[in-house]
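First comes the structure, then the notes that go with it.
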Amino acid sequence: MSEKHSAYEYDYLIVGAGLYGAVFARQMADAGKKVKVIDRRNHIAGNIYTRLEDNIHVHQYGAHIFHTNNEDVWTYLNRFARFNRFTNTVVANYKGELYSLPFNMYTFNKMWGVVTPQQAQKKIEEQRAEIKGEPKNLEEQAIKLVGRDIYEKLIKGYTEKQWGRPCSELPAFIIRRLPVRLTFDNNYFNALYQGIPIGGYTKMVENLLDGISVELEQDYLKDREKWNSIAQTIVFTGPIDEYFKYSLGPLEYRSVRFETEKLDTDNFQGNAAVNYTDAQTPWTRIIEHKWFEDLGSPVTIISREYSSEWKVGDEPYYPVNDEKNSDLYRKYKKLGETEENVIFGGRLGEYKYYDMDAVVASALDASKKELERVR
Ligand code: UDP
């Protein structure tokens, strides 16, 4: 063992006990490295944290439905959790009219009365004709995908509430997350594997962190010197701009606020997620948590989800990957590359609208590269 190495109590200090941090920690611990994980919150699992209340696994930071086409990621996570067979089928409520999401034959039938895929295709073709050339923003992309009627009723209001910006100023890729199908298939995701960890996400992260030293309510940024002195390498999964004290200016994030209520009924809305796609309803969606893993609770717990612009002190949820912020992020990334012995990762460390499977893939990849580097 080198002298430098032995000067540190830990090889890796992982800042953030979310999914990225937990996977990175697991990989390093399995490779025989000495690892410590800290988090400023009072619980592990970051935004995928779930808690059990009234026999309902409550997704405290919003709905998380694991889905992937990545065989390696799926096999990997199945070491730490068994997944149920939950399939996300979202309902959109537009001023009391209910539509099926993602955009499929049920949606087209309700919107236009069309019955066959050919009729639906014809309607879409007619409406998409108004967009000439490559779509330059989310609005144009949405109309090009499904036409103006669906854009107006099911996309515009929801998207503008979620992002607090006009669709004409948002990047097109956001809407391409949603499938468009000419079949009667309500599955929100195009993924080979999908489900919720039985017993909740927190248990899965607990299993990932098994045998690893974890300290909660420890804020790395409040005492960098102390934490840097105990570990050779830092893996930082918090916001990269905060790490650099916002020296190039703050990146923009969207935050989410939940109003959670317990109701004395066993079935409030008959589905895990109902989106409110009009502009007037102040919340974007209502989650009824019991439908992620039905344990037969006689009551129900719902969360109304409100989107807001992030400000210092709020929890950042979504990076705003528009041009302005992407440019600023690239500058922070450059700064990050000059930072010795620090790896930035995860949704906040890489300022990326990552799904969970992409986070796991990214952590597996980064940990593998790191192990090759130090070998
Ligand atoms: N979206 C929409 N209407 C909906 C649901 C989603 O237009 O009812 C679009 C919208 O542009 C949104 C994107 O799809 O920003 C992703 O939304 P989703 O709710 O799937 O994102 P999540 O918060 O679950 O990552």
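Residue numbering restarts at 1 for every chain of the structure tokens, chains are lettered A, B, ... in their displayed order, and ligands are numbered from 1 as they appear.
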
Which residues are near ligand 1 - at most 6 Å, using only C-alpha atoms and all ligand atoms? Format: as a count of residues only.
10

Strand (DSSP E) positions in range 221-331 of chain A, given as a short mmCIF file (atom, residue, chain, number, x, y, z; two decimals) with N, CA, C and O atoms, in the first residue's frame:
```
data_model
loop_
_atom_site.label_atom_id
_atom_site.label_comp_id
_atom_site.auth_asym_id
_atom_site.auth_seq_id
_atom_site.Cartn_x
_atom_site.Cartn_y
_atom_site.Cartn_z
N ALA A 231 -10.74 10.97 3.15
CA ALA A 231 -10.83 10.07 1.98
C ALA A 231 -9.96 10.55 0.84
O ALA A 231 -9.84 11.75 0.60
N GLN A 232 -9.40 9.58 0.15
CA GLN A 232 -8.55 9.89 -1.01
C GLN A 232 -9.34 10.52 -2.15
O GLN A 232 -8.90 11.47 -2.77
N THR A 233 -10.51 9.97 -2.43
CA THR A 233 -11.32 10.44 -3.56
C THR A 233 -12.74 10.73 -3.10
O THR A 233 -13.30 9.98 -2.28
N ILE A 234 -13.29 11.82 -3.62
CA ILE A 234 -14.67 12.20 -3.29
C ILE A 234 -15.55 11.90 -4.50
O ILE A 234 -15.20 12.24 -5.63
N VAL A 235 -16.69 11.30 -4.24
CA VAL A 235 -17.69 11.14 -5.30
C VAL A 235 -18.85 12.05 -4.91
O VAL A 235 -19.52 11.82 -3.90
N PHE A 236 -19.04 13.11 -5.68
CA PHE A 236 -20.02 14.12 -5.30
C PHE A 236 -21.27 13.97 -6.16
O PHE A 236 -21.22 14.13 -7.37
N TYR A 253 -33.09 24.85 -11.77
CA TYR A 253 -33.71 23.55 -11.53
C TYR A 253 -35.20 23.78 -11.36
O TYR A 253 -35.62 24.88 -10.99
N ARG A 254 -35.96 22.73 -11.55
CA ARG A 254 -37.35 22.77 -11.14
C ARG A 254 -37.46 22.02 -9.83
O ARG A 254 -36.79 20.98 -9.63
N SER A 255 -38.27 22.54 -8.96
CA SER A 255 -38.51 21.85 -7.71
C SER A 255 -39.96 21.37 -7.68
O SER A 255 -40.76 21.80 -8.51
N VAL A 256 -40.26 20.51 -6.76
CA VAL A 256 -41.60 19.97 -6.66
C VAL A 256 -42.02 20.02 -5.20
O VAL A 256 -41.22 19.77 -4.31
N ARG A 257 -43.27 20.38 -4.98
CA ARG A 257 -43.81 20.38 -3.62
C ARG A 257 -44.99 19.41 -3.60
O ARG A 257 -45.76 19.37 -4.57
N PHE A 258 -45.08 18.63 -2.55
CA PHE A 258 -46.17 17.66 -2.47
C PHE A 258 -47.09 18.01 -1.32
O PHE A 258 -46.62 18.29 -0.21
N GLU A 259 -48.38 17.99 -1.58
CA GLU A 259 -49.36 18.09 -0.49
C GLU A 259 -49.92 16.70 -0.32
O GLU A 259 -50.65 16.20 -1.18
N THR A 260 -49.53 16.08 0.78
CA THR A 260 -49.88 14.67 0.98
C THR A 260 -51.00 14.56 2.01
O THR A 260 -50.98 15.24 3.03
N GLU A 261 -51.97 13.72 1.71
CA GLU A 261 -53.15 13.58 2.56
C GLU A 261 -53.51 12.12 2.71
O GLU A 261 -53.41 11.36 1.73
N LYS A 262 -53.93 11.77 3.90
CA LYS A 262 -54.49 10.42 4.09
C LYS A 262 -56.01 10.53 4.00
O LYS A 262 -56.59 11.43 4.61
N LEU A 263 -56.63 9.66 3.24
CA LEU A 263 -58.09 9.74 3.08
C LEU A 263 -58.73 8.44 3.56
O LEU A 263 -58.17 7.36 3.40
N ALA A 273 -51.28 7.21 -10.99
CA ALA A 273 -51.02 8.59 -11.42
C ALA A 273 -52.15 9.13 -12.28
O ALA A 273 -52.55 8.50 -13.25
N VAL A 274 -52.67 10.29 -11.88
CA VAL A 274 -53.60 11.02 -12.75
C VAL A 274 -53.01 12.41 -12.99
O VAL A 274 -52.74 13.16 -12.04
N ASN A 275 -52.75 12.71 -14.26
CA ASN A 275 -52.19 14.02 -14.63
C ASN A 275 -53.31 15.01 -14.87
O ASN A 275 -54.32 14.66 -15.50
N TYR A 276 -53.12 16.22 -14.40
CA TYR A 276 -54.10 17.29 -14.66
C TYR A 276 -53.50 18.18 -15.74
O TYR A 276 -52.59 18.95 -15.47
N ARG A 285 -50.11 16.72 -11.07
CA ARG A 285 -50.68 15.37 -11.01
C ARG A 285 -51.01 14.99 -9.58
O ARG A 285 -50.53 15.62 -8.64
N ILE A 286 -51.83 13.94 -9.45
CA ILE A 286 -52.09 13.37 -8.13
C ILE A 286 -51.63 11.92 -8.17
O ILE A 286 -51.97 11.16 -9.08
N ILE A 287 -50.84 11.58 -7.17
CA ILE A 287 -50.33 10.21 -7.04
C ILE A 287 -51.12 9.52 -5.93
O ILE A 287 -51.27 10.08 -4.84
N GLU A 288 -51.62 8.33 -6.20
CA GLU A 288 -52.24 7.53 -5.14
C GLU A 288 -51.29 6.36 -4.89
O GLU A 288 -51.21 5.41 -5.67
N THR A 300 -56.25 5.32 2.11
CA THR A 300 -55.38 5.65 0.99
C THR A 300 -54.58 6.92 1.29
O THR A 300 -54.98 7.72 2.14
N ILE A 301 -53.45 7.06 0.63
CA ILE A 301 -52.62 8.25 0.79
C ILE A 301 -52.39 8.84 -0.61
O ILE A 301 -51.98 8.11 -1.53
N ILE A 302 -52.70 10.11 -0.75
CA ILE A 302 -52.51 10.76 -2.06
C ILE A 302 -51.57 11.95 -1.92
O ILE A 302 -51.46 12.54 -0.84
N SER A 303 -50.87 12.27 -2.99
CA SER A 303 -50.03 13.48 -3.02
C SER A 303 -50.38 14.31 -4.23
O SER A 303 -50.32 13.81 -5.36
N ARG A 304 -50.74 15.56 -3.98
CA ARG A 304 -50.87 16.51 -5.08
C ARG A 304 -49.49 17.08 -5.34
O ARG A 304 -48.80 17.48 -4.40
N GLU A 305 -49.10 17.11 -6.61
CA GLU A 305 -47.75 17.54 -6.95
C GLU A 305 -47.78 18.92 -7.61
O GLU A 305 -48.47 19.11 -8.61
N TYR A 306 -47.04 19.84 -7.04
CA TYR A 306 -46.95 21.21 -7.57
C TYR A 306 -45.53 21.46 -8.01
O TYR A 306 -44.59 21.23 -7.25
N SER A 307 -45.36 21.99 -9.20
CA SER A 307 -44.02 22.30 -9.69
C SER A 307 -43.71 23.76 -9.41
O SER A 307 -44.59 24.61 -9.47
N SER A 308 -42.44 24.03 -9.14
CA SER A 308 -42.06 25.42 -8.91
C SER A 308 -40.62 25.63 -9.34
O SER A 308 -39.86 24.66 -9.49
N GLU A 309 -40.27 26.90 -9.53
CA GLU A 309 -38.88 27.22 -9.87
C GLU A 309 -38.06 27.00 -8.61
O GLU A 309 -38.47 27.40 -7.52
N TYR A 318 -35.46 18.60 -11.03
CA TYR A 318 -35.24 18.44 -12.47
C TYR A 318 -34.25 19.48 -12.95
O TYR A 318 -34.47 20.68 -12.74
N PRO A 319 -33.17 19.08 -13.61
CA PRO A 319 -32.35 20.07 -14.30
C PRO A 319 -33.16 20.63 -15.48
O PRO A 319 -33.97 19.92 -16.06
#
```

Need the shell around Asp219 in chain A: protein/DNA/RNA residues with any atom at most 9 Å away, counting only C-alpha atoms. Skip same-chain ones fewer than 6 positions apart. Format as a PyMOL selection string? chain A and resi 15+38-41

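With CA of Pro117 in chain A on one side and CA of Leu182 in chain A on the other, the separation reads 5.4 Å.
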
- prompt: Val58 in chain A: which residues within 6 Å, counting only C-alpha atoms, same-chain residues fewer than 6 positions away excluded, as a ChimeraX atom specification?
  reply: /A:50-51,289

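Closest to Ser100 in chain A among A:Ile124, A:Val180, A:Leu208, A:Leu251 is A:Val180, based on only C-alpha atoms.
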
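Straight-line separation from CA of Arg128 in chain A to CA of Lys110 in chain A: 18.6 Å.
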
Pull the helix (DSSP H, G or I) assignments for range 4-142 of chain A out of DSSP run on the backbone, and list those residues as a PyMOL selection string. chain A and resi 4-6+19-30+46-48+71-77+105-112+117-128+138-142

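Shortest atom-to-atom contact with Trp163 in chain A among A:Trp310, A:Ala361, A:Thr116, A:Lys290: A:Trp310, counting only C-alpha atoms.
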
Closest of A:Asn325, A:Ser362, A:Asn190, A:Asn104 to Val23 in chain A, counting only C-alpha atoms, is A:Ser362

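Interatomic distance, CA of Val146 in chain A against CA of Asn109 in chain A: 13.0 Å.
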
* Exercise: Val35 in chain A partners within 8 Å, only C-alpha atoms, chain neighbours under 2 positions left out, as an MDAnalysis selection string -> chainID A and resid 10:14 25 28:29 33 37 212:213

Exercise. Which neighbours of Arg181 in chain A fall inside 10 Å, counting only C-alpha atoms, when residues of the same chain fewer than 3 positions from it are skipped, and could you give them as a list in words?
Worked result: Pro102, Phe103, Asn104, Met105, Tyr106, Thr107, Phe108, Pro117, Gln121, Val146, Leu178, Phe184, Asp185 and Asn186 of chain A

Can you pull out every residue within 10 Å of Glu160 in chain A, counting only C-alpha atoms, but drop anything in the same chain fewer than 5 positions away, and send it as a list in words? Ile155, Arg165, Pro166, Cys167, Ser168, Glu169, Leu170, Thr277, Asp278, Ala279, Thr284 and Ser307 of chain A

Take the residues just selected and output them with N, CA, C and O atoms as a compact mmCIF listing (two decimals), in the first residue's frame.
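Output saved as result.txt:
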```txt
# COMPACT_ATOMS: atom_id res chain seq x y z
N ILE A 155 -50.85 18.20 -23.58
CA ILE A 155 -49.41 18.47 -23.46
C ILE A 155 -49.12 19.89 -22.95
O ILE A 155 -48.38 20.08 -21.99
N ARG A 165 -42.19 27.24 -18.12
CA ARG A 165 -41.70 27.94 -19.31
C ARG A 165 -42.62 27.59 -20.47
O ARG A 165 -43.18 26.49 -20.49
N PRO A 166 -42.76 28.50 -21.46
CA PRO A 166 -43.59 28.14 -22.60
C PRO A 166 -42.99 26.98 -23.40
O PRO A 166 -41.76 26.85 -23.48
N CYS A 167 -43.86 26.15 -23.94
CA CYS A 167 -43.39 24.98 -24.71
C CYS A 167 -42.50 25.39 -25.87
O CYS A 167 -41.65 24.62 -26.32
N SER A 168 -42.71 26.63 -26.35
CA SER A 168 -41.91 27.09 -27.49
C SER A 168 -40.47 27.39 -27.07
O SER A 168 -39.62 27.63 -27.91
N GLU A 169 -40.22 27.39 -25.74
CA GLU A 169 -38.84 27.64 -25.28
C GLU A 169 -38.21 26.42 -24.64
O GLU A 169 -37.15 26.50 -24.04
N LEU A 170 -38.90 25.28 -24.73
CA LEU A 170 -38.35 24.06 -24.10
C LEU A 170 -37.76 23.14 -25.17
O LEU A 170 -38.21 23.13 -26.32
N THR A 277 -53.99 18.03 -16.95
CA THR A 277 -53.27 18.59 -18.09
C THR A 277 -53.79 19.97 -18.53
O THR A 277 -53.29 20.52 -19.49
N ASP A 278 -54.77 20.52 -17.79
CA ASP A 278 -55.21 21.88 -18.13
C ASP A 278 -54.29 22.88 -17.44
O ASP A 278 -53.53 22.53 -16.53
N ALA A 279 -54.38 24.14 -17.85
CA ALA A 279 -53.48 25.15 -17.29
C ALA A 279 -53.97 25.69 -15.95
O ALA A 279 -53.19 26.17 -15.14
N THR A 284 -49.85 19.47 -10.98
CA THR A 284 -49.62 18.78 -12.25
C THR A 284 -50.21 17.37 -12.22
O THR A 284 -50.71 16.89 -13.22
N SER A 307 -45.36 21.99 -9.20
CA SER A 307 -44.02 22.30 -9.69
C SER A 307 -43.71 23.76 -9.41
O SER A 307 -44.59 24.61 -9.47
```

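If you measure from each of A:Pro282, A:Gly62, A:Gly96, A:Gly349 to Gly157 in chain A using only C-alpha atoms, the closest one turns out to be A:Pro282.
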